[in-house]
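Note: the block below is final-v3.cif and it holds mmCIF, C-alpha atoms.
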```cif
data_query
loop_
_atom_site.group_PDB
_atom_site.id
_atom_site.type_symbol
_atom_site.label_atom_id
_atom_site.label_comp_id
_atom_site.auth_asym_id
_atom_site.auth_seq_id
_atom_site.Cartn_x
_atom_site.Cartn_y
_atom_site.Cartn_z
ATOM 1 C CA GLU K 1 -151.604 -49.509 54.821
ATOM 2 C CA ALA K 2 -149.861 -52.835 55.477
ATOM 3 C CA GLN K 3 -148.943 -54.387 52.188
ATOM 4 C CA VAL K 4 -146.588 -56.364 50.011
ATOM 5 C CA THR K 5 -145.762 -54.548 46.794
ATOM 6 C CA GLN K 6 -144.515 -56.328 43.713
ATOM 7 C CA ASN K 7 -143.388 -54.755 40.482
ATOM 8 C CA PRO K 8 -143.974 -54.992 37.640
ATOM 9 C CA ARG K 9 -147.487 -56.400 37.435
ATOM 10 C CA TYR K 10 -146.962 -57.685 33.904
ATOM 11 C CA LEU K 11 -143.696 -58.394 32.104
ATOM 12 C CA ILE K 12 -142.996 -59.756 28.644
ATOM 13 C CA THR K 13 -139.396 -60.504 27.819
ATOM 14 C CA VAL K 14 -137.229 -62.614 25.559
ATOM 15 C CA THR K 15 -135.139 -65.665 26.341
ATOM 16 C CA GLY K 16 -131.843 -64.837 27.994
ATOM 17 C CA LYS K 17 -132.523 -61.219 28.918
ATOM 18 C CA LYS K 18 -131.876 -60.756 32.629
ATOM 19 C CA LEU K 19 -134.739 -59.402 34.680
ATOM 20 C CA THR K 20 -135.586 -58.546 38.259
ATOM 21 C CA VAL K 21 -138.974 -58.600 39.936
ATOM 22 C CA THR K 22 -139.028 -56.406 43.001
ATOM 23 C CA CYS K 23 -140.843 -57.121 46.242
ATOM 24 C CA SER K 24 -141.166 -54.832 49.227
ATOM 25 C CA GLN K 25 -143.126 -55.121 52.482
ATOM 26 C CA ASN K 26 -143.853 -52.426 55.055
ATOM 27 C CA MET K 27 -144.791 -54.654 57.995
ATOM 28 C CA ASN K 28 -141.298 -55.302 59.369
ATOM 29 C CA HIS K 29 -141.747 -59.000 58.641
ATOM 30 C CA GLU K 30 -138.765 -61.277 59.059
ATOM 31 C CA TYR K 31 -139.919 -64.010 56.709
ATOM 32 C CA MET K 32 -140.306 -63.471 52.960
ATOM 33 C CA SER K 33 -140.898 -65.934 50.163
ATOM 34 C CA TRP K 34 -141.348 -66.246 46.410
ATOM 35 C CA TYR K 35 -143.840 -68.587 44.753
ATOM 36 C CA ARG K 36 -144.767 -69.400 41.218
ATOM 37 C CA GLN K 37 -148.262 -70.487 40.266
ATOM 38 C CA ASP K 38 -148.941 -72.637 37.220
ATOM 39 C CA PRO K 39 -152.198 -74.269 36.062
ATOM 40 C CA GLY K 40 -152.547 -77.753 37.491
ATOM 41 C CA LEU K 41 -149.437 -77.402 39.635
ATOM 42 C CA GLY K 42 -150.659 -75.038 42.302
ATOM 43 C CA LEU K 43 -148.356 -72.755 44.243
ATOM 44 C CA ARG K 44 -144.729 -73.815 44.426
ATOM 45 C CA GLN K 45 -142.085 -72.161 46.533
ATOM 46 C CA ILE K 46 -138.991 -70.851 44.762
ATOM 47 C CA TYR K 47 -136.891 -69.296 47.533
ATOM 48 C CA TYR K 48 -137.474 -67.990 51.013
ATOM 49 C CA SER K 49 -135.651 -65.824 53.512
ATOM 50 C CA MET K 50 -135.783 -66.035 57.290
ATOM 51 C CA ASN K 51 -134.097 -62.674 57.787
ATOM 52 C CA VAL K 52 -131.556 -60.263 56.317
ATOM 53 C CA GLU K 53 -128.753 -62.105 54.497
ATOM 54 C CA VAL K 54 -130.422 -65.484 55.137
ATOM 55 C CA THR K 55 -131.952 -67.201 52.096
ATOM 56 C CA ASP K 56 -132.862 -70.818 51.327
ATOM 57 C CA LYS K 57 -134.044 -72.802 48.360
ATOM 58 C CA GLY K 58 -137.646 -73.847 48.078
ATOM 59 C CA ASP K 59 -139.053 -76.580 45.869
ATOM 60 C CA VAL K 60 -138.217 -75.075 42.466
ATOM 61 C CA PRO K 61 -135.130 -72.807 42.779
ATOM 62 C CA GLU K 62 -133.427 -73.664 39.469
ATOM 63 C CA GLY K 63 -132.996 -70.635 37.228
ATOM 64 C CA TYR K 64 -133.709 -68.101 39.983
ATOM 65 C CA LYS K 65 -131.692 -66.011 42.401
ATOM 66 C CA VAL K 66 -132.737 -63.878 45.346
ATOM 67 C CA SER K 67 -131.129 -61.485 47.753
ATOM 68 C CA ARG K 68 -132.111 -60.056 51.140
ATOM 69 C CA LYS K 69 -129.882 -57.087 51.843
ATOM 70 C CA GLU K 70 -132.583 -55.180 53.683
ATOM 71 C CA LYS K 71 -135.456 -56.485 55.744
ATOM 72 C CA ARG K 72 -138.159 -54.922 53.601
ATOM 73 C CA ASN K 73 -136.921 -55.974 50.130
ATOM 74 C CA PHE K 74 -136.646 -59.401 48.552
ATOM 75 C CA PRO K 75 -136.055 -59.193 44.792
ATOM 76 C CA LEU K 76 -136.340 -62.196 42.489
ATOM 77 C CA ILE K 77 -133.707 -62.345 39.771
ATOM 78 C CA LEU K 78 -133.834 -64.368 36.567
ATOM 79 C CA GLU K 79 -130.322 -64.230 35.129
ATOM 80 C CA SER K 80 -131.216 -65.941 31.858
ATOM 81 C CA PRO K 81 -134.976 -66.426 31.563
ATOM 82 C CA SER K 82 -136.355 -69.307 29.553
ATOM 83 C CA PRO K 83 -139.896 -69.971 28.256
ATOM 84 C CA ASN K 84 -140.532 -72.543 31.013
ATOM 85 C CA GLN K 85 -140.308 -69.686 33.502
ATOM 86 C CA THR K 86 -143.436 -68.153 32.028
ATOM 87 C CA SER K 87 -145.690 -68.083 35.074
ATOM 88 C CA LEU K 88 -147.529 -66.027 37.661
ATOM 89 C CA TYR K 89 -145.189 -65.056 40.485
ATOM 90 C CA PHE K 90 -146.104 -64.069 44.019
ATOM 91 C CA CYS K 91 -144.064 -62.570 46.795
ATOM 92 C CA ALA K 92 -145.271 -63.077 50.358
ATOM 93 C CA SER K 93 -144.167 -62.124 53.845
ATOM 94 C CA SER K 94 -145.041 -62.997 57.428
ATOM 95 C CA LEU K 95 -143.809 -62.456 60.961
ATOM 96 C CA ASP K 96 -142.310 -65.943 61.040
ATOM 97 C CA ARG K 97 -142.080 -69.016 58.844
ATOM 98 C CA VAL K 98 -144.535 -71.269 60.594
ATOM 99 C CA ASN K 99 -147.061 -69.712 62.956
ATOM 100 C CA SER K 100 -148.132 -66.530 61.202
ATOM 101 C CA PRO K 101 -150.299 -65.952 58.151
ATOM 102 C CA LEU K 102 -148.683 -64.961 54.882
ATOM 103 C CA HIS K 103 -149.394 -61.614 53.257
ATOM 104 C CA PHE K 104 -149.224 -61.815 49.476
ATOM 105 C CA GLY K 105 -148.424 -59.276 46.815
ATOM 106 C CA ASN K 106 -150.725 -58.925 43.815
ATOM 107 C CA GLY K 107 -148.537 -60.987 41.564
ATOM 108 C CA THR K 108 -146.334 -60.561 38.507
ATOM 109 C CA ARG K 109 -147.394 -62.235 35.302
ATOM 110 C CA LEU K 110 -144.219 -63.060 33.393
ATOM 111 C CA THR K 111 -144.094 -64.189 29.781
ATOM 112 C CA VAL K 112 -140.783 -65.318 28.290
ATOM 113 C CA THR K 113 -140.768 -65.733 24.512
ATOM 114 C CA SER O 1 -143.541 -81.040 47.662
ATOM 115 C CA GLN O 2 -147.340 -81.000 47.795
ATOM 116 C CA GLN O 3 -148.641 -81.711 51.267
ATOM 117 C CA GLY O 4 -152.279 -80.628 51.288
ATOM 118 C CA GLU O 5 -154.818 -81.742 48.733
ATOM 119 C CA GLU O 6 -158.159 -80.042 48.414
ATOM 120 C CA ASP O 7 -161.355 -81.771 47.460
ATOM 121 C CA PRO O 8 -163.314 -81.173 45.319
ATOM 122 C CA GLN O 9 -161.207 -79.505 42.629
ATOM 123 C CA ALA O 10 -164.232 -77.456 41.581
ATOM 124 C CA LEU O 11 -167.571 -76.679 43.169
ATOM 125 C CA SER O 12 -170.567 -74.829 41.794
ATOM 126 C CA ILE O 13 -173.474 -73.793 44.031
ATOM 127 C CA GLN O 14 -176.381 -71.392 44.128
ATOM 128 C CA GLU O 15 -176.242 -68.200 46.124
ATOM 129 C CA GLY O 16 -177.461 -68.793 49.664
ATOM 130 C CA GLU O 17 -176.287 -72.406 49.814
ATOM 131 C CA ASN O 18 -173.418 -73.598 51.974
ATOM 132 C CA ALA O 19 -170.090 -74.569 50.437
ATOM 133 C CA THR O 20 -167.823 -77.182 51.967
ATOM 134 C CA MET O 21 -164.242 -77.775 50.878
ATOM 135 C CA ASN O 22 -161.937 -80.410 52.284
ATOM 136 C CA CYS O 23 -158.201 -80.659 52.684
ATOM 137 C CA SER O 24 -156.170 -83.763 53.405
ATOM 138 C CA TYR O 25 -152.502 -83.825 54.306
ATOM 139 C CA LYS O 26 -149.845 -86.421 54.941
ATOM 140 C CA THR O 27 -147.547 -85.504 57.813
ATOM 141 C CA SER O 28 -147.982 -84.020 61.275
ATOM 142 C CA ILE O 29 -148.436 -80.263 61.310
ATOM 143 C CA ASN O 30 -147.978 -77.169 63.462
ATOM 144 C CA ASN O 31 -151.002 -75.504 61.924
ATOM 145 C CA LEU O 32 -153.207 -75.453 58.862
ATOM 146 C CA GLN O 33 -154.237 -72.297 57.054
ATOM 147 C CA TRP O 34 -156.897 -71.454 54.500
ATOM 148 C CA TYR O 35 -156.438 -68.817 51.820
ATOM 149 C CA ARG O 36 -158.651 -67.334 49.149
ATOM 150 C CA GLN O 37 -157.587 -66.161 45.694
ATOM 151 C CA ASN O 38 -159.658 -64.111 43.332
ATOM 152 C CA SER O 39 -158.774 -64.729 39.716
ATOM 153 C CA GLY O 40 -155.142 -63.833 39.048
ATOM 154 C CA ARG O 41 -154.748 -61.884 42.288
ATOM 155 C CA GLY O 42 -152.691 -62.514 45.384
ATOM 156 C CA LEU O 43 -153.861 -64.974 48.011
ATOM 157 C CA VAL O 44 -155.630 -63.598 51.052
ATOM 158 C CA HIS O 45 -155.387 -65.308 54.417
ATOM 159 C CA LEU O 46 -158.706 -66.478 55.876
ATOM 160 C CA ILE O 47 -158.109 -68.607 58.957
ATOM 161 C CA LEU O 48 -155.224 -70.287 60.781
ATOM 162 C CA ILE O 49 -156.051 -73.289 62.960
ATOM 163 C CA ARG O 50 -153.406 -74.770 65.226
ATOM 164 C CA SER O 51 -152.846 -78.498 65.632
ATOM 165 C CA ASN O 52 -154.354 -78.470 69.138
ATOM 166 C CA GLU O 53 -157.558 -76.755 67.960
ATOM 167 C CA ARG O 54 -160.553 -78.560 66.519
ATOM 168 C CA GLU O 55 -162.755 -75.789 65.216
ATOM 169 C CA LYS O 56 -162.508 -72.108 64.434
ATOM 170 C CA HIS O 57 -164.981 -69.518 63.193
ATOM 171 C CA SER O 58 -164.635 -66.223 61.381
ATOM 172 C CA GLY O 59 -167.839 -64.578 60.204
ATOM 173 C CA ARG O 60 -169.476 -66.961 57.727
ATOM 174 C CA LEU O 61 -166.428 -69.218 57.710
ATOM 175 C CA ARG O 62 -166.046 -72.317 59.834
ATOM 176 C CA VAL O 63 -162.908 -74.446 59.789
ATOM 177 C CA THR O 64 -162.511 -77.837 61.408
ATOM 178 C CA LEU O 65 -159.367 -79.843 61.919
ATOM 179 C CA ASP O 66 -159.122 -83.576 62.577
ATOM 180 C CA THR O 67 -155.481 -84.439 63.187
ATOM 181 C CA SER O 68 -156.253 -88.148 63.606
ATOM 182 C CA LYS O 69 -157.578 -88.228 60.035
ATOM 183 C CA LYS O 70 -155.138 -85.598 58.822
ATOM 184 C CA SER O 71 -157.931 -83.571 57.325
ATOM 185 C CA SER O 72 -159.571 -80.172 57.531
ATOM 186 C CA SER O 73 -162.730 -78.657 56.127
ATOM 187 C CA LEU O 74 -163.739 -75.110 55.277
ATOM 188 C CA LEU O 75 -167.438 -74.305 55.397
ATOM 189 C CA ILE O 76 -168.787 -71.089 53.918
ATOM 190 C CA THR O 77 -172.364 -70.517 55.018
ATOM 191 C CA ALA O 78 -174.994 -68.556 53.093
ATOM 192 C CA SER O 79 -172.679 -68.131 50.125
ATOM 193 C CA ARG O 80 -172.697 -65.009 47.964
ATOM 194 C CA ALA O 81 -171.628 -64.398 44.376
ATOM 195 C CA ALA O 82 -168.659 -62.462 45.800
ATOM 196 C CA ASP O 83 -167.392 -65.706 47.398
ATOM 197 C CA THR O 84 -166.531 -66.976 43.914
ATOM 198 C CA ALA O 85 -162.786 -67.648 44.096
ATOM 199 C CA SER O 86 -160.206 -70.383 44.527
ATOM 200 C CA TYR O 87 -159.611 -71.620 48.051
ATOM 201 C CA PHE O 88 -156.319 -73.130 49.166
ATOM 202 C CA CYS O 89 -155.291 -74.986 52.248
ATOM 203 C CA ALA O 90 -151.696 -74.682 53.380
ATOM 204 C CA THR O 91 -150.004 -76.798 55.997
ATOM 205 C CA ALA O 92 -147.129 -75.865 58.249
ATOM 206 C CA PRO O 93 -145.433 -79.233 58.789
ATOM 207 C CA SER O 94 -143.857 -79.985 62.133
ATOM 208 C CA GLY O 95 -140.140 -79.386 62.257
ATOM 209 C CA ASN O 96 -140.142 -75.762 61.180
ATOM 210 C CA THR O 97 -140.304 -76.408 57.440
ATOM 211 C CA PRO O 98 -142.009 -73.847 55.189
ATOM 212 C CA LEU O 99 -145.705 -73.678 54.487
ATOM 213 C CA VAL O 100 -146.886 -76.048 51.733
ATOM 214 C CA PHE O 101 -149.932 -75.235 49.589
ATOM 215 C CA GLY O 102 -152.466 -77.534 47.992
ATOM 216 C CA LYS O 103 -153.743 -77.043 44.449
ATOM 217 C CA GLY O 104 -156.982 -75.410 45.501
ATOM 218 C CA THR O 105 -160.736 -75.709 45.074
ATOM 219 C CA ARG O 106 -162.431 -73.433 42.540
ATOM 220 C CA LEU O 107 -165.733 -72.254 43.960
ATOM 221 C CA SER O 108 -168.388 -70.716 41.739
ATOM 222 C CA VAL O 109 -171.410 -69.151 43.412
ATOM 223 C CA ILE O 110 -174.220 -68.513 40.958
ATOM 224 C CA ALA O 111 -176.559 -65.632 41.650
#
```

Represent the structure from my file as structure tokens, please.
Amino acid sequence: EAQVTQNPRYLITVTGKKLTVTCSQNMNHEYMSWYRQDPGLGLRQIYYSMNVEVTDKGDVPEGYKVSRKEKRNFPLILESPSPNQTSLYFCASSLDRVNSPLHFGNGTRLTVT
Amino acid sequence: SQQGEEDPQALSIQEGENATMNCSYKTSINNLQWYRQNSGRGLVHLILIRSNEREKHSGRLRVTLDTSKKSSSLLITASRAADTASYFCATAPSGNTPLVFGKGTRLSVIA
């Protein structure tokens, strides 16, 4: 089954403790992206990747890192999480950045205390 | 950078009625897409309409695009309780920049 898999689904952590949210897709998509969703602010892009070893900042990249060492994986790294990074995070992938629909993972609900 | 804005923010209708949601955007686009999100879950793609298309259908969904007014509408006919969700428009601006999402319309269909 074609899908985008994110893990974990829920995560509660403390300020400053490094964490990684994994994202994997099995559709051989070139484009992958991370979003955060907050009430009243909608979906905002954090980082995106056009292909292996190619990543770019989105609208809200501060406090996040990503890597794209393999085509299928695009982990989101929070080196030193802070409470304002408490949010619902989504990974998505598509064939290309512009003309193809995005396939979303089921989300990771992160709470930083 | 928010490009698309949906209207209304929330909509409540009876089962069997039609639901219409609108999206306005600011710059020229390659395409416009509509997505659906059930509470707390990932978004699901519904329809993609290209800038040179005016109308597109998929089952009970009908999307129109008016590039002169920079607006789109999503019509759900004969709504069902299972259509209850948030609906987002997303625009792919010209110039190969990433997709930009609006804040969504929350649709409630009452049985």

Legend entry - Residues selected by the PyMOL selection byres ((chain O) within 10 of (chain K)), written as a ChimeraX atom specification: /O:1-2,29-35,40-50,88,90-104

Inset, instruction - Quick one: apply the PyMOL selection byres ((chain K and resi 85) around 9) to the file and drop the selected residues here as a PyMOL selection string. - result: chain K and resi 36+63+78+81-84+86-87+110-112

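The space separating CA of Met50 (chain K) from CA of Cys89 (chain O) comes to 22.0 Å.
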
Tell me, as a PDB file with C-alpha atoms, in the frame of the given file, which residues lie within 8 Å of Asn28 (chain K), counting only C-alpha atoms; anything in the same chain fewer than 3 positions away does not count.
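Saved to selection.pdb:
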```pdb
ATOM      1  CA  GLN K  25    -143.126 -55.121  52.482  1.00  0.00           C
ATOM      2  CA  LYS K  71    -135.456 -56.485  55.744  1.00  0.00           C
ATOM      3  CA  ARG K  72    -138.159 -54.922  53.601  1.00  0.00           C
ATOM      4  CA  LEU K  95    -143.809 -62.456  60.961  1.00  0.00           C
TER       5      LEU K  95
END
```

Inset, instruction - Tell me, in Å to one decimal, how far CA of Ile76 (chain O) is from CA of Val109 (chain O). - result: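 Here the two named atoms are 11.0 Å from each other.
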
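Using all atoms listed in the file, the smallest distance between any of O:Ser12, O:Ser24, O:Thr67, O:Ser79 and Glu55 (chain O) comes from O:Thr67.
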
Inset, instruction - Would you work out the distance separating CA of Thr105 (chain O) from CA of Asp56 (chain K), expressed in Å to one decimal? - result: 29.0 Å

Inset, instruction - Take the PyMOL selection byres ((chain O and resi 83) around 10), apply it to the structure above, and return the hits as a list of chain:residue names. - result: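 Residues picked by the PyMOL selection byres ((chain O and resi 83) around 10): O:Glu15, O:Ala19, O:Arg36, O:Gln37, O:Asn38, O:Ile76, O:Ala78, O:Ser79, O:Arg80, O:Ala81, O:Ala82, O:Thr84, O:Ala85, O:Ser86, O:Tyr87, O:Leu107, O:Ser108, O:Val109, O:Ile110.
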
Restricting the output to C-alpha atoms, write the selected residues as a PDB file, keeping the file's coordinate frame.
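And here is the file that came out, result29.pdb:
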```
ATOM      1  CA  GLU O  15    -176.242 -68.200  46.124  1.00  0.00           C
ATOM      2  CA  ALA O  19    -170.090 -74.569  50.437  1.00  0.00           C
ATOM      3  CA  ARG O  36    -158.651 -67.334  49.149  1.00  0.00           C
ATOM      4  CA  GLN O  37    -157.587 -66.161  45.694  1.00  0.00           C
ATOM      5  CA  ASN O  38    -159.658 -64.111  43.332  1.00  0.00           C
ATOM      6  CA  ILE O  76    -168.787 -71.089  53.918  1.00  0.00           C
ATOM      7  CA  ALA O  78    -174.994 -68.556  53.093  1.00  0.00           C
ATOM      8  CA  SER O  79    -172.679 -68.131  50.125  1.00  0.00           C
ATOM      9  CA  ARG O  80    -172.697 -65.009  47.964  1.00  0.00           C
ATOM     10  CA  ALA O  81    -171.628 -64.398  44.376  1.00  0.00           C
ATOM     11  CA  ALA O  82    -168.659 -62.462  45.800  1.00  0.00           C
ATOM     12  CA  THR O  84    -166.531 -66.976  43.914  1.00  0.00           C
ATOM     13  CA  ALA O  85    -162.786 -67.648  44.096  1.00  0.00           C
ATOM     14  CA  SER O  86    -160.206 -70.383  44.527  1.00  0.00           C
ATOM     15  CA  TYR O  87    -159.611 -71.620  48.051  1.00  0.00           C
ATOM     16  CA  LEU O 107    -165.733 -72.254  43.960  1.00  0.00           C
ATOM     17  CA  SER O 108    -168.388 -70.716  41.739  1.00  0.00           C
ATOM     18  CA  VAL O 109    -171.410 -69.151  43.412  1.00  0.00           C
ATOM     19  CA  ILE O 110    -174.220 -68.513  40.958  1.00  0.00           C
TER      20      ILE O 110
END
```

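Residues having any atom no farther than 7 Å from (-162.6, -82.2, 67.2) (counting all atoms listed in the file) are Arg54, Glu55, Leu65 and Asp66 of chain O.
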
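Counting only C-alpha atoms and comparing O:Lys69, O:Ser39, O:Ser28, O:Glu5, the residue that lies closest to Ser51 (chain O) is O:Ser28.
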
Expected axis-aligned box over every listed atom of region 20-34 of chain O, 6 Å added per side, centre plus edges in Å to one decimal, as AutoDock Vina command-line options:
```
--center_x -157.7 --center_y -78.9 --center_z 57.2 --size_x 32.3 --size_y 27.0 --size_z 24.6
```
